[in-house]
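Q: Pasting in a structure now, in structure tokens, and then I'll have a few things to ask.
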Amino acid sequence: MKSDWKDWQKTRAYRRLQELARKPYDLTVADALLRDGRLNSYICRSDFFSLFYAGQRVDDQVLAVLQDLADECGLVGQFAAMRRGAVMNRIEGFDSENRQVLHTACRDLFTDSPAEPKAAAQAREEIEKLRTFLHELEDGTIRNAQGEDFTTMIHIGIGGSDLGPRSVFEALRPYAREGRAVHFISNVDPDDAAAVLKKVDLRRTLVNVVSKSGTTLETLANESLVRQALIEAGLEPGKQCLAVTGKGSPMDNPERYLRSFHMFDYIGGRYSTTSMVGAVMLGFCLGIDQILDFLRGAAAMDCGAENFRLRENLPLLLAMLGVWNHNFLGAPTLAVLPYSQALLRFPAHLQQCDMESNGKSVTRYGTPVACKTGPVLWGEPGTNGQHAFYQLLHQGTELVPVEFIGFRKSQYGEDLEIEGTSSQQKLLANLLAQSVAMAVGQKNPNPNREFSGNRPNSILLGDRLTPASMGALLALYEAKIVFQGFLWNINSFDQEGVQLGKVLAGRFLKNINEQEPKSRSLEAAVLKAVGGGPEGRK
Ligand code: G6Q
């Protein structure tokens, strides 16, 4: 692989983009959005979404050089190699995870020739286990001690074992089966678990414990807490708890669980939503057919990401527009603003997926990077955000590029026309108005009412948020993040910063434990951990 990794800042395209960035396309001049059929030609269409990017500060020339850059750095080739099992999670010459990156195999199930047959076979095996389990819940083979159906699931997990699955669950609530409810516990804050335990009928509840490593403190603590609650209710945890974990992890002990499902070391936590990490909970809630649709949507996006033509490859285009804004126009953050209440938690998932993947300062050779890597990513659904932080987006001194997400149709289809427009139309009108206002700005003799414009944004528009389009959306952002990581030449698949947190928490707890029970103090544990205590720093 190493020979494919080119220093992007040494390419001709990079230098050319630096020149072009001195005078980027001006969106504020008359008819800037309409010129040369821009509104119609700056659209990238894929199976589930179209990206409208006339509101970006690019022209044909910039797009052509972004294409050159992607070509020179072999981005699509690297993506294809990743899907086919190349060991891409590594730092050359240093101790690192040294793994393949095959989350895409979880959805490479709908073809006779998957990109990496071994991983796809493992994914298929897990899906079949899930199908059987869901069927047994359905036909009454699996019931509680009183012979009743399980109606509720508590999903316990944190980070990658929570954020993606939870955001997809929120997004697909309207597709939930009658009589099935899901609750989440992630934080080690005992109130998180207590609030959930108060809501559920434990007798009819399955507890889905999700941890790739099987060692995460928060998840194990919450599992113990819930197991204890089951015991106190006179129930047997082994008959109600499920495990989703890495093969061979300390949690991989089928005797303790009603059923165990697996994910594999080549699937990173934040990329694991389409593995059993998300599928068990989603399967319980939505049923197997919807899960397969969800995976189908993701698979279609993965295939589309292998198109070499930038303007036809949605994730690659989104990635390169992001690079243009971040590295050449100097925008330090990125706002992802879904005009869809169902995508409420999606920015939180992206926050992890993007910032944990690309918040890196060394290259894949272990040398310091010489460019900005991942931006700070944040977001909230519109129109709510309009009544809050959009002030800064329109008139602040910080340049914040925006990725809007919207859908032509609502999920429930329940709507009312008031004064000639439905709520869905009002929602979309707001999205479009914001996009145009950010791009073109507004002149006003009153400086306080002047809007500078030239605030780059694009609109990702889908028909309706369904299991399949949600799968595509998830895979779109995964691929976008991966493409940017390839370009910046960083390893988007490890997470030493998160590991540090796990080690530090363990060290603090050990320090507290080592104190005499009567004189335990947090201050003493802090002092010891930072090297000020009697034993100094370890
Ligand atoms: C994701 C990260 C991290 C991880 C959690 C939970 O890529 O590694 O967010 O998912 O720390 O880890 P476990 O699934 O091992 O409990």
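Note on naming: chains are A, B, ... as they come in the structure tokens, residues start from 1 per chain, ligands start from 1 in the order shown.
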Tell me, as a PyMOL selection string, which residues lie within 6 Å of range 252-258 of chain A, counting only C-alpha atoms; anything in the same chain fewer than 6 positions away does not count.
A: chain A and resi 238-242
Q: Could you give me the residues within range 190-400 of chain A that DSSP places in strand (DSSP E), as a ChimeraX atom specification?
A: /A:205-211,241-246,259-263,333-338,376-378
Q: Please report as a Markdown table every residue of range 172-204 of chain A lying within 12 Å of range 406-426 of chain A, along with the nearest atom pair and their distance in Å (one decimal), using only C-alpha atoms.
A:
| residue | atom | partner | partner_atom | distance |
| --- | --- | --- | --- | --- |
| A:Leu172 | CA | A:Gln411 | CA | 8.9 |
| A:Arg173 | CA | A:Gln411 | CA | 9.5 |
| A:Pro174 | CA | A:Tyr412 | CA | 6.8 |
| A:Tyr175 | CA | A:Gln411 | CA | 9.0 |
Q: With N, CA and C atoms kept, could you save the residues just selected as a short mmCIF file (atom, residue, chain, number, x, y, z; two decimals), in the first residue's frame?
A:
data_model
loop_
_atom_site.label_atom_id
_atom_site.label_comp_id
_atom_site.auth_asym_id
_atom_site.auth_seq_id
_atom_site.Cartn_x
_atom_site.Cartn_y
_atom_site.Cartn_z
N LEU A 172 -35.11 6.07 12.43
CA LEU A 172 -36.06 5.11 11.84
C LEU A 172 -37.22 4.74 12.76
N ARG A 173 -37.43 5.54 13.79
CA ARG A 173 -38.54 5.29 14.72
C ARG A 173 -39.88 5.00 14.04
N PRO A 174 -40.22 5.75 12.99
CA PRO A 174 -41.54 5.50 12.38
C PRO A 174 -41.68 4.09 11.80
N TYR A 175 -40.55 3.40 11.60
CA TYR A 175 -40.60 2.07 11.00
C TYR A 175 -40.60 0.98 12.08
#
Q: State, in Å with one decimal place, the distance from CA of Trp5 in chain A to CA of Cys371 in chain A.
A: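 Computed distance, CA of Trp5 in chain A to CA of Cys371 in chain A, equals 15.4 Å.
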Q: Identify, counting only C-alpha atoms and all ligand atoms, the protein, DNA and RNA residues located within 6 Å of ligand 1, and give them as a PyMOL selection string.
A: chain A and resi 158-161+211-214+216+268-270+495
Q: I'd like the neighbourhood of Gln484 in chain A as number ranges by chain, where a residue qualifies if any of its atoms comes within 12 Å (using only C-alpha atoms), though same-chain residues fewer than 2 positions away should be ignored.
A: A: 8, 69-70, 73-76, 78-79, 315-324, 326-327, 354-355, 357-360, 372-375, 477-482, 486-492
Q: Tell me, as a list in words, which residues lie within 7 Å of range 335-350 of chain A, counting only C-alpha atoms; anything in the same chain fewer than 3 positions away does not count.
A: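 Selected residues are Leu163, Gly164, Ser167, Glu170, Ala171, Cys353, Asp354, Leu377, Trp378, Gly379, Glu380, Pro381, Gly382, Thr383, Val400, Pro401, Val402, Glu403, Phe404, Ile405, Gly406, Leu427 and Leu431 of chain A.
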Q: Which residue, A:Asp463, A:Glu136, A:Asp71, A:Glu356, has the smallest gap to Ser46 in chain A when you use only C-alpha atoms?
A: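 Under the stated criterion, the closest residue is A:Asp463.
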Q: Which one of A:Phe52, A:Tyr42, A:Phe110, A:Phe493 sits closest to Asp293 in chain A if you count only C-alpha atoms?
A: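 Smallest distance to Asp293 in chain A is found for A:Phe110.
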Q: Hey, could you make a per-residue contact list for range 439-501 of chain A against range 298-303 of chain A with 10 Å as the cut-off, showing the nearest pair of atoms and its distance in Å to one decimal, counting only C-alpha atoms, sorted by chain and number, as JSON lines?
A:
{"residue": "A:Pro467", "atom": "CA", "partner": "A:Ala298", "partner_atom": "CA", "distance": 9.7}
{"residue": "A:Ala468", "atom": "CA", "partner": "A:Ala298", "partner_atom": "CA", "distance": 7.2}
{"residue": "A:Ser469", "atom": "CA", "partner": "A:Ala298", "partner_atom": "CA", "distance": 7.9}
{"residue": "A:Met470", "atom": "CA", "partner": "A:Ala298", "partner_atom": "CA", "distance": 7.9}
{"residue": "A:Gly471", "atom": "CA", "partner": "A:Ala298", "partner_atom": "CA", "distance": 4.3}
{"residue": "A:Ala472", "atom": "CA", "partner": "A:Ala298", "partner_atom": "CA", "distance": 4.2}
{"residue": "A:Leu473", "atom": "CA", "partner": "A:Ala298", "partner_atom": "CA", "distance": 7.4}
{"residue": "A:Leu474", "atom": "CA", "partner": "A:Ala298", "partner_atom": "CA", "distance": 6.9}
{"residue": "A:Ala475", "atom": "CA", "partner": "A:Ala298", "partner_atom": "CA", "distance": 5.1}
{"residue": "A:Leu476", "atom": "CA", "partner": "A:Met301", "partner_atom": "CA", "distance": 6.1}
{"residue": "A:Tyr477", "atom": "CA", "partner": "A:Met301", "partner_atom": "CA", "distance": 9.8}
{"residue": "A:Glu478", "atom": "CA", "partner": "A:Asp302", "partner_atom": "CA", "distance": 9.3}
{"residue": "A:Ala479", "atom": "CA", "partner": "A:Asp302", "partner_atom": "CA", "distance": 7.4}
Q: Nearest to Thr273 in chain A among A:Leu134, A:Val168, A:Ala233, A:Leu393, with distances taken over only C-alpha atoms: which residue is it?
A: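 Counting only C-alpha atoms, the residue closest to Thr273 in chain A is A:Val168.
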Q: As a list in words, list the residues of range 168-203 of chain A assigned to alpha helix (DSSP H) by DSSP on the backbone atoms of this structure.
A: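 Of range 168-203 of chain A, only Val168, Phe169, Glu170, Ala171, Pro190, Asp191, Asp192, Ala193, Ala194, Ala195, Val196, Leu197, Lys198 and Lys199 of chain A fall in alpha helix (DSSP H).
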Q: Excluding range 192-209 of chain A and its own-chain neighbours fewer than 3 positions away, which residues fall within 7 Å of it when counting only C-alpha atoms? Please give them as a ChimeraX atom specification.
A: /A:144,149-157,183,185,187,189,222-223,230,240-244
Q: Tell me which of A:Ala433, A:Arg311, A:Val440, A:Glu92 sits closest to Cys44 in chain A, counting only C-alpha atoms.
A: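 Using only C-alpha atoms, Cys44 in chain A sits closest to A:Arg311.
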Q: Pick out the closest residue to Asp289 in chain A from this set: A:Ile127, A:Val376, A:Leu102, A:Val188. Count only C-alpha atoms.
A: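 Under the stated criterion, the closest residue is A:Ile127.
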Q: Could you check how far CA of Leu292 in chain A sits from CA of Ala120 in chain A, in Å to one decimal?
A: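 Going from CA of Leu292 in chain A over to CA of Ala120 in chain A covers 14.0 Å.
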